>>> print(open('run-v9.cif').read())   # mmCIF, C-alpha atoms
data_upload
loop_
_atom_site.label_atom_id
_atom_site.label_comp_id
_atom_site.auth_asym_id
_atom_site.auth_seq_id
_atom_site.Cartn_x
_atom_site.Cartn_y
_atom_site.Cartn_z
CA MET A 1 115.13 87.42 118.05
CA SER A 2 115.68 87.57 114.28
CA PHE A 3 113.15 88.61 111.64
CA GLN A 4 112.97 85.01 110.41
CA GLU A 5 112.25 83.63 113.90
CA MET A 6 109.46 86.18 114.43
CA THR A 7 107.70 85.54 111.14
CA GLN A 8 108.40 81.97 110.01
CA ASP A 9 105.06 80.50 111.14
CA ILE A 10 103.11 83.17 109.25
CA MET A 11 105.25 83.10 106.11
CA ASN A 12 104.85 79.31 105.85
CA HIS A 13 101.09 79.31 106.43
CA PRO A 14 99.20 78.18 103.27
CA LEU A 15 96.76 81.12 103.35
CA PHE A 16 99.63 83.59 103.58
CA VAL A 17 101.58 81.85 100.79
CA GLU A 18 98.49 82.33 98.55
CA LEU A 19 99.22 86.08 98.59
CA ARG A 20 102.01 85.41 96.09
CA ASP A 21 99.32 85.18 93.41
CA VAL A 22 97.61 88.49 94.27
CA GLN A 23 98.87 91.54 92.38
CA HIS A 24 99.41 94.64 94.51
CA HIS A 25 100.30 98.23 93.61
CA GLY A 26 100.52 97.32 89.93
CA GLY A 27 103.53 96.21 87.97
CA GLU A 28 104.98 92.88 88.93
CA ASN A 29 104.53 93.20 92.70
CA SER A 30 102.48 90.73 94.76
CA LEU A 31 100.64 91.20 98.03
CA TYR A 32 103.03 88.64 99.52
CA LEU A 33 106.12 90.68 98.56
CA HIS A 34 104.48 93.91 99.75
CA SER A 35 103.66 92.33 103.13
CA VAL A 36 107.15 90.87 103.60
CA ASP A 37 108.83 94.15 102.58
CA THR A 38 106.58 96.11 104.95
CA ALA A 39 107.37 93.71 107.79
CA LYS A 40 111.12 93.99 107.13
CA CYS A 41 110.85 97.78 107.07
CA ALA A 42 108.82 97.82 110.31
CA TYR A 43 111.35 95.47 111.94
CA GLN A 44 114.22 97.78 110.98
CA LEU A 45 112.36 100.91 112.10
CA ALA A 46 111.45 99.32 115.44
CA ARG A 47 115.09 98.37 116.01
CA ARG A 48 116.23 101.87 115.02
CA PHE A 49 113.70 103.39 117.46
CA HIS A 50 115.04 101.10 120.23
CA MET A 51 111.66 99.52 120.90
CA ARG A 52 111.51 96.70 123.45
CA GLU A 53 111.86 93.18 122.03
CA ASP A 54 108.19 92.30 122.60
CA ARG A 55 107.15 95.46 120.72
CA VAL A 56 109.56 94.72 117.85
CA ARG A 57 107.98 91.28 117.54
CA ALA A 58 104.45 92.70 117.74
CA VAL A 59 104.97 95.34 115.05
CA THR A 60 106.85 92.96 112.77
CA ARG A 61 104.07 90.36 112.88
CA ALA A 62 101.37 93.04 112.54
CA ALA A 63 103.17 94.44 109.51
CA LEU A 64 103.32 91.01 107.91
CA LEU A 65 99.55 90.65 108.36
CA HIS A 66 98.44 94.24 107.70
CA ASP A 67 96.94 93.39 104.28
CA PHE A 68 95.74 89.87 105.12
CA PHE A 69 92.12 90.86 104.40
CA GLY A 70 91.20 87.74 102.41
CA TYR A 71 89.03 89.06 99.58
CA ASP A 72 89.54 90.32 96.04
CA TRP A 73 88.76 94.02 96.37
CA GLN A 74 88.62 94.40 92.57
CA SER A 75 86.05 91.61 92.11
CA GLU A 76 82.46 92.00 91.01
CA ARG A 77 81.32 90.69 94.40
CA HIS A 78 83.15 93.52 96.20
CA ARG A 79 81.74 96.09 93.75
CA ARG A 80 78.21 94.86 94.54
CA TYR A 81 78.95 95.08 98.28
CA LYS A 82 80.15 98.67 97.90
CA HIS A 83 77.16 99.68 95.75
CA TYR A 84 74.80 98.55 98.48
CA TYR A 85 75.69 101.85 100.15
CA SER A 86 75.30 105.40 98.86
CA GLY A 87 76.80 108.80 99.59
CA TRP A 88 79.19 109.06 102.52
CA LYS A 89 78.58 105.43 103.54
CA ARG A 90 79.72 104.23 100.11
CA LEU A 91 82.93 106.23 100.45
CA THR A 92 83.65 104.87 103.92
CA HIS A 93 83.07 101.29 102.71
CA MET A 94 85.68 101.48 99.97
CA HIS A 95 88.58 99.05 100.26
CA ALA A 96 91.12 101.65 101.45
CA PHE A 97 88.90 102.47 104.44
CA ILE A 98 87.84 98.95 105.50
CA HIS A 99 90.61 96.48 104.68
CA GLY A 100 92.61 97.14 107.85
CA ALA A 101 89.72 96.09 110.06
CA HIS A 102 89.06 93.03 107.89
CA ALA A 103 92.75 92.08 107.96
CA ALA A 104 92.92 92.47 111.75
CA HIS A 105 89.84 90.30 112.23
CA ARG A 106 91.03 87.56 109.86
CA ALA A 107 94.62 87.57 111.17
CA ASN A 108 93.35 87.38 114.75
CA ARG A 109 91.12 84.43 113.90
CA ILE A 110 94.00 82.50 112.29
CA PHE A 111 97.08 83.64 114.24
CA GLY A 112 95.70 84.96 117.54
CA LEU A 113 96.90 88.57 117.79
CA ASP A 114 97.16 90.74 120.88
CA ASP A 115 95.30 94.05 121.28
CA ARG A 116 98.28 96.16 120.17
CA GLN A 117 98.71 94.15 116.96
CA ARG A 118 94.99 94.33 116.11
CA ALA A 119 94.96 98.09 116.73
CA ALA A 120 98.09 98.59 114.58
CA ILE A 121 96.64 96.61 111.66
CA THR A 122 93.28 98.38 111.91
CA SER A 123 94.89 101.84 111.85
CA HIS A 124 97.67 101.27 109.27
CA MET A 125 95.78 103.24 106.59
CA PHE A 126 95.70 106.45 108.65
CA PRO A 127 94.41 109.07 107.72
CA LEU A 128 91.80 106.91 105.95
CA ALA A 129 91.60 104.73 109.06
CA PRO A 130 91.50 105.62 112.76
CA LEU A 131 94.43 107.44 114.32
CA PRO A 132 97.09 104.93 115.48
CA ARG A 133 96.89 104.59 119.27
CA ASN A 134 100.19 102.88 120.00
CA SER A 135 103.80 102.83 118.85
CA GLU A 136 103.22 99.67 116.80
CA GLY A 137 100.46 101.45 114.88
CA TRP A 138 102.68 104.42 114.06
CA VAL A 139 105.64 102.27 113.01
CA LEU A 140 103.41 100.05 110.85
CA THR A 141 101.77 103.08 109.23
CA LEU A 142 105.17 104.60 108.44
CA ALA A 143 106.59 101.32 107.10
CA ASP A 144 103.55 100.72 104.88
CA LYS A 145 103.72 104.26 103.45
CA LEU A 146 107.46 103.93 102.73
CA VAL A 147 107.13 100.56 101.01
CA ALA A 148 103.96 101.48 99.09
CA SER A 149 105.56 104.72 97.85
CA ARG A 150 108.55 102.80 96.53
CA GLU A 151 106.32 100.18 94.88
CA VAL A 152 104.10 102.75 93.18
CA SER A 153 107.17 104.66 91.95
CA GLU A 154 108.62 101.44 90.54
CA THR A 155 105.29 100.66 88.87
CA VAL A 156 105.16 104.08 87.23
CA GLY A 157 108.70 103.52 85.96
CA TRP A 158 107.71 100.06 84.70
CA HIS A 159 104.78 101.54 82.73
CA VAL A 160 106.90 104.41 81.36
CA ARG A 161 109.52 101.90 80.13
CA LYS A 162 106.78 99.84 78.41
CA ILE A 163 105.42 102.94 76.66
CA TYR A 164 108.92 104.07 75.72
CA GLN A 165 109.68 100.65 74.22
CA LYS A 166 106.53 100.84 72.06
CA VAL A 167 107.14 104.40 70.88
CA LEU A 168 110.89 104.11 70.32
CA PRO A 169 111.73 100.48 69.58
CA ARG A 170 115.41 99.52 69.55
CA SER A 171 116.95 99.42 66.13
#
>>> encode(input="run-v9.cif", output="structure tokens")
Amino acid sequence: MSFQEMTQDIMNHPLFVELRDVQHHGGENSLYLHSVDTAKCAYQLARRFHMREDRVRAVTRAALLHDFFGYDWQSERHRRYKHYYSGWKRLTHMHAFIHGAHAAHRANRIFGLDDRQRAAITSHMFPLAPLPRNSEGWVLTLADKLVASREVSETVGWHVRKIYQKVLPRS
């Protein structure tokens, strides 16, 4: 089964399409692009690791939905939620720690995930999240780290170019 066949229903869903308008990892990257790139990376890794077809499908769909948490983590509302807690509890309720569980719950409600997909999404932020308990979780975690590292590096380069252009304008 191709990547497109595995993901078309999710990628065409109106709530998923809305992710195009959500900035992610700075620069000009959206949450939609991050999710699609992570899913493509997970698909390729799963194929390279010779995973069974049902596992390739599971990890690809989980990767597409791994950041489908459905809230603006930089909003005032989320800041108020976080400030309700103090000390260690406040730390563990920061976005990086909780969004996997929120994404798994929301994705399950809308798309009906299996246990392996929910576990993979919940653990994709390891070591800030629980230890991945299945191969889908490990592949998703690796794919997300690879894609996020590239995006952050590109964003740093984007900012450096902007600063360079201000300091040394072309003559």
>>> closest_residue(input="run-v9.cif", among="A:Gln23, A:Phe111, A:Asp9, A:Phe3", to="Glu151 of chain A", atoms="all atoms listed in the file")
A:Gln23
>>> residues_around(input="run-v9.cif", residues="Lys40 of chain A", least_positions_apart="5", cutoff="10 Å", atoms="all atoms listed in the file", output="VMD selection string")
chain A and resid 3 to 4 7 34 to 35 45 to 46 60 to 61 63 to 64 143 147
>>> atom_distance(input="run-v9.cif", atom1="atom CA of Leu128 of chain A", atom2="atom CA of Leu65 of chain A")
18.2 Å
>>> closest_residue(input="run-v9.cif", among="A:Ala103, A:Val139, A:Met94, A:Val152", to="Phe49 of chain A", atoms="only C-alpha atoms")
A:Val139
>>> resolve_selection(input="run-v9.cif", expression="the PyMOL selection byres ((chain A and resi 10-20) around 7)", output="list in words")
Thr7, Gln8, Asp9, Asp21, Val22, Ser30, Leu31 and Tyr32 of chain A
>>> resolve_selection(input="run-v9.cif", expression="the PyMOL selection byres ((chain A and resi 47) around 12)", output="list in words")
Met1, Ser2, Phe3, Lys40, Cys41, Ala42, Tyr43, Gln44, Leu45, Ala46, Arg48, Phe49, His50, Met51, Arg52, Glu53, Asp54, Arg55, Val56, Arg57, Val59, Thr60, Glu136 and Val139 of chain A
>>> closest_residue(input="run-v9.cif", among="A:Ala104, A:Ile121, A:Ala129, A:Ala62", to="Val36 of chain A", atoms="only C-alpha atoms")
A:Ala62
>>> decode(input="run-v9.cif", residues="segment 99-125 of chain A", atoms="N, CA, C and O atoms", output="tab-separated table (two decimals), in the first residue's frame")
chain	number	residue	atom	x	y	z
A	99	HIS	N	1.23	16.95	25.21
A	99	HIS	CA	0.52	17.01	23.93
A	99	HIS	C	0.39	15.65	23.25
A	99	HIS	O	-0.56	15.43	22.49
A	100	GLY	N	1.28	14.72	23.51
A	100	GLY	CA	1.14	13.40	22.91
A	100	GLY	C	-0.13	12.69	23.38
A	100	GLY	O	-0.86	12.12	22.56
A	101	ALA	N	-0.39	12.75	24.66
A	101	ALA	CA	-1.61	12.13	25.20
A	101	ALA	C	-2.85	12.82	24.66
A	101	ALA	O	-3.84	12.16	24.31
A	102	HIS	N	-2.82	14.15	24.58
A	102	HIS	CA	-3.96	14.89	24.02
A	102	HIS	C	-4.17	14.53	22.55
A	102	HIS	O	-5.31	14.35	22.11
A	103	ALA	N	-3.08	14.45	21.79
A	103	ALA	CA	-3.18	14.11	20.37
A	103	ALA	C	-3.73	12.70	20.18
A	103	ALA	O	-4.58	12.47	19.31
A	104	ALA	N	-3.27	11.76	21.00
A	104	ALA	CA	-3.76	10.38	20.89
A	104	ALA	C	-5.25	10.31	21.19
A	104	ALA	O	-6.01	9.63	20.49
A	105	HIS	N	-5.69	11.02	22.21
A	105	HIS	CA	-7.10	11.02	22.58
A	105	HIS	C	-7.96	11.62	21.47
A	105	HIS	O	-8.98	11.06	21.06
A	106	ARG	N	-7.54	12.78	20.97
A	106	ARG	CA	-8.31	13.48	19.93
A	106	ARG	C	-8.32	12.67	18.62
A	106	ARG	O	-9.37	12.52	17.98
A	107	ALA	N	-7.17	12.16	18.22
A	107	ALA	CA	-7.08	11.37	16.99
A	107	ALA	C	-7.93	10.10	17.09
A	107	ALA	O	-8.58	9.71	16.13
A	108	ASN	N	-7.93	9.48	18.25
A	108	ASN	CA	-8.73	8.28	18.45
A	108	ASN	C	-10.22	8.59	18.33
A	108	ASN	O	-10.97	7.84	17.72
A	109	ARG	N	-10.63	9.71	18.90
A	109	ARG	CA	-12.03	10.12	18.86
A	109	ARG	C	-12.49	10.36	17.41
A	109	ARG	O	-13.60	9.99	17.04
A	110	ILE	N	-11.62	10.94	16.59
A	110	ILE	CA	-12.00	11.31	15.23
A	110	ILE	C	-11.72	10.20	14.21
A	110	ILE	O	-12.53	9.96	13.31
A	111	PHE	N	-10.59	9.50	14.36
A	111	PHE	CA	-10.18	8.53	13.35
A	111	PHE	C	-10.21	7.08	13.82
A	111	PHE	O	-9.98	6.18	13.01
A	112	GLY	N	-10.44	6.83	15.11
A	112	GLY	CA	-10.51	5.47	15.61
A	112	GLY	C	-9.20	4.70	15.48
A	112	GLY	O	-9.03	3.89	14.58
A	113	LEU	N	-8.27	4.96	16.37
A	113	LEU	CA	-6.95	4.33	16.33
A	113	LEU	C	-6.95	2.99	17.07
A	113	LEU	O	-7.79	2.74	17.93
A	114	ASP	N	-5.95	2.17	16.76
A	114	ASP	CA	-5.77	0.95	17.54
A	114	ASP	C	-4.83	1.23	18.72
A	114	ASP	O	-4.27	2.32	18.83
A	115	ASP	N	-4.66	0.25	19.59
A	115	ASP	CA	-3.84	0.43	20.80
A	115	ASP	C	-2.40	0.80	20.47
A	115	ASP	O	-1.80	1.63	21.14
A	116	ARG	N	-1.83	0.18	19.45
A	116	ARG	CA	-0.43	0.44	19.09
A	116	ARG	C	-0.25	1.87	18.60
A	116	ARG	O	0.74	2.52	18.92
A	117	GLN	N	-1.20	2.37	17.83
A	117	GLN	CA	-1.13	3.75	17.34
A	117	GLN	C	-1.26	4.74	18.50
A	117	GLN	O	-0.50	5.71	18.58
A	118	ARG	N	-2.22	4.51	19.38
A	118	ARG	CA	-2.39	5.40	20.55
A	118	ARG	C	-1.13	5.42	21.40
A	118	ARG	O	-0.67	6.49	21.82
A	119	ALA	N	-0.55	4.26	21.64
A	119	ALA	CA	0.67	4.18	22.46
A	119	ALA	C	1.83	4.90	21.77
A	119	ALA	O	2.61	5.60	22.42
A	120	ALA	N	1.94	4.76	20.45
A	120	ALA	CA	3.03	5.42	19.71
A	120	ALA	C	2.89	6.93	19.79
A	120	ALA	O	3.86	7.65	20.04
A	121	ILE	N	1.68	7.44	19.59
A	121	ILE	CA	1.46	8.89	19.64
A	121	ILE	C	1.73	9.41	21.05
A	121	ILE	O	2.40	10.44	21.22
A	122	THR	N	1.26	8.71	22.06
A	122	THR	CA	1.44	9.13	23.44
A	122	THR	C	2.91	9.21	23.82
A	122	THR	O	3.33	10.11	24.54
A	123	SER	N	3.73	8.30	23.29
A	123	SER	CA	5.13	8.23	23.70
A	123	SER	C	6.10	8.94	22.76
A	123	SER	O	7.31	8.91	23.00
A	124	HIS	N	5.62	9.61	21.71
A	124	HIS	CA	6.54	10.14	20.70
A	124	HIS	C	7.49	11.21	21.22
A	124	HIS	O	8.50	11.48	20.59
A	125	MET	N	7.21	11.78	22.38
A	125	MET	CA	8.10	12.81	22.94
A	125	MET	C	9.11	12.23	23.93
A	125	MET	O	9.74	12.98	24.68
